[in-house]
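These notes are about the structure you will find just below.
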Amino acid sequence: MSVIESHPTVDDVYPTRKSGEAALLYRQDPVVYGRPEDGPIDAATLESYEANGFLGVDQLITPAEVAEYSAEL
């Protein structure tokens with residue numbers, strides 16, 4: 001079995017991979033690329049995604065669609 005070692009002169013963008021301790025790391029790259037005009041998500045939802053790191057969509061599919069998909073399964 002071979003061991004893969006990182007190159008000593010290259011900075012690891014994920015330093016916690018080799019650390020034995022937990023650390024709080026701040027984002028280096030944006031979470032959201034683009035603007036509300038670029039796609040189907042409105043400004044308030046994009047701001048929430050940027051701040052919280054997740055996207056919640058209320059009733060993505062309707063109860064009728066759930067019933068249809070369940071019947072198909």
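So you can find residues: chains in the structure tokens are A, B, ... in the order shown, residues in each start at 1, and ligands are numbered from 1 in order.
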Neighbour list for Asn52 in chain A as JSON, numbers by chain, cut-off 12 Å, only C-alpha atoms, skip fewer than 5 positions in-chain: {"A": [31, 32, 45, 46, 47]}
For the residues in the current selection, export all heavy atoms as an mmCIF file, in the first residue's frame.
```
data_model
loop_
_atom_site.group_PDB
_atom_site.id
_atom_site.type_symbol
_atom_site.label_atom_id
_atom_site.label_comp_id
_atom_site.auth_asym_id
_atom_site.auth_seq_id
_atom_site.Cartn_x
_atom_site.Cartn_y
_atom_site.Cartn_z
ATOM 1 N N VAL A 31 -20.538 31.939 -1.705
ATOM 2 C CA VAL A 31 -21.500 30.841 -1.739
ATOM 3 C C VAL A 31 -22.416 31.017 -2.937
ATOM 4 O O VAL A 31 -22.761 30.064 -3.617
ATOM 5 C CB VAL A 31 -22.322 30.815 -0.432
ATOM 6 C CG1 VAL A 31 -23.435 29.783 -0.514
ATOM 7 C CG2 VAL A 31 -21.427 30.522 0.746
ATOM 8 N N VAL A 32 -22.790 32.249 -3.196
ATOM 9 C CA VAL A 32 -23.711 32.563 -4.279
ATOM 10 C C VAL A 32 -22.950 33.258 -5.404
ATOM 11 O O VAL A 32 -22.246 34.226 -5.174
ATOM 12 C CB VAL A 32 -24.854 33.483 -3.786
ATOM 13 C CG1 VAL A 32 -25.739 33.904 -4.934
ATOM 14 C CG2 VAL A 32 -25.657 32.789 -2.698
ATOM 15 N N THR A 45 -34.233 35.170 -0.912
ATOM 16 C CA THR A 45 -33.833 33.774 -0.770
ATOM 17 C C THR A 45 -32.329 33.620 -0.969
ATOM 18 O O THR A 45 -31.669 32.870 -0.241
ATOM 19 C CB THR A 45 -34.613 32.885 -1.757
ATOM 20 O OG1 THR A 45 -36.010 33.093 -1.554
ATOM 21 C CG2 THR A 45 -34.293 31.419 -1.565
ATOM 22 N N LEU A 46 -31.764 34.334 -1.937
ATOM 23 C CA LEU A 46 -30.318 34.283 -2.151
ATOM 24 C C LEU A 46 -29.561 34.830 -0.944
ATOM 25 O O LEU A 46 -28.541 34.270 -0.536
ATOM 26 C CB LEU A 46 -29.924 35.073 -3.399
ATOM 27 C CG LEU A 46 -30.181 34.403 -4.735
ATOM 28 C CD1 LEU A 46 -29.812 35.341 -5.871
ATOM 29 C CD2 LEU A 46 -29.427 33.097 -4.852
ATOM 30 N N GLU A 47 -30.054 35.920 -0.360
ATOM 31 C CA GLU A 47 -29.410 36.487 0.829
ATOM 32 C C GLU A 47 -29.462 35.502 1.994
ATOM 33 O O GLU A 47 -28.486 35.350 2.728
ATOM 34 C CB GLU A 47 -30.089 37.800 1.213
ATOM 35 C CG GLU A 47 -29.798 38.922 0.252
ATOM 36 C CD GLU A 47 -30.639 40.165 0.519
ATOM 37 O OE1 GLU A 47 -31.270 40.258 1.594
ATOM 38 O OE2 GLU A 47 -30.669 41.041 -0.367
#
```
Atom-to-atom span, CA of Ser48 in chain A and CA of Asp29 in chain A, Å: 16.6 Å
Within 12 Å of Gln28 in chain A using only C-alpha atoms, minus same-chain residues under 2 positions, as a PyMOL selection string: chain A and resi 13-14+25-26+30-31
Write to file, as an mmCIF file, in the first residue's frame, the residues of the selection just made, with N, CA and C atoms.
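Result file is again04.cif:
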```
data_model
loop_
_atom_site.group_PDB
_atom_site.id
_atom_site.type_symbol
_atom_site.label_atom_id
_atom_site.label_comp_id
_atom_site.auth_asym_id
_atom_site.auth_seq_id
_atom_site.Cartn_x
_atom_site.Cartn_y
_atom_site.Cartn_z
ATOM 1 N N VAL A 13 -5.914 24.192 1.223
ATOM 2 C CA VAL A 13 -7.054 25.083 1.437
ATOM 3 C C VAL A 13 -8.016 24.519 2.472
ATOM 4 N N TYR A 14 -7.820 23.269 2.870
ATOM 5 C CA TYR A 14 -8.613 22.634 3.919
ATOM 6 C C TYR A 14 -7.680 22.160 5.039
ATOM 7 N N LEU A 25 -13.274 28.019 10.388
ATOM 8 C CA LEU A 25 -12.687 28.592 9.182
ATOM 9 C C LEU A 25 -13.742 29.415 8.467
ATOM 10 N N TYR A 26 -13.384 30.577 8.041
ATOM 11 C CA TYR A 26 -14.301 31.437 7.320
ATOM 12 C C TYR A 26 -14.187 31.161 5.829
ATOM 13 N N PRO A 30 -17.149 32.847 -2.529
ATOM 14 C CA PRO A 30 -18.565 33.157 -2.342
ATOM 15 C C PRO A 30 -19.424 31.895 -2.378
ATOM 16 N N VAL A 31 -20.538 31.939 -1.705
ATOM 17 C CA VAL A 31 -21.500 30.841 -1.739
ATOM 18 C C VAL A 31 -22.416 31.017 -2.937
#
```
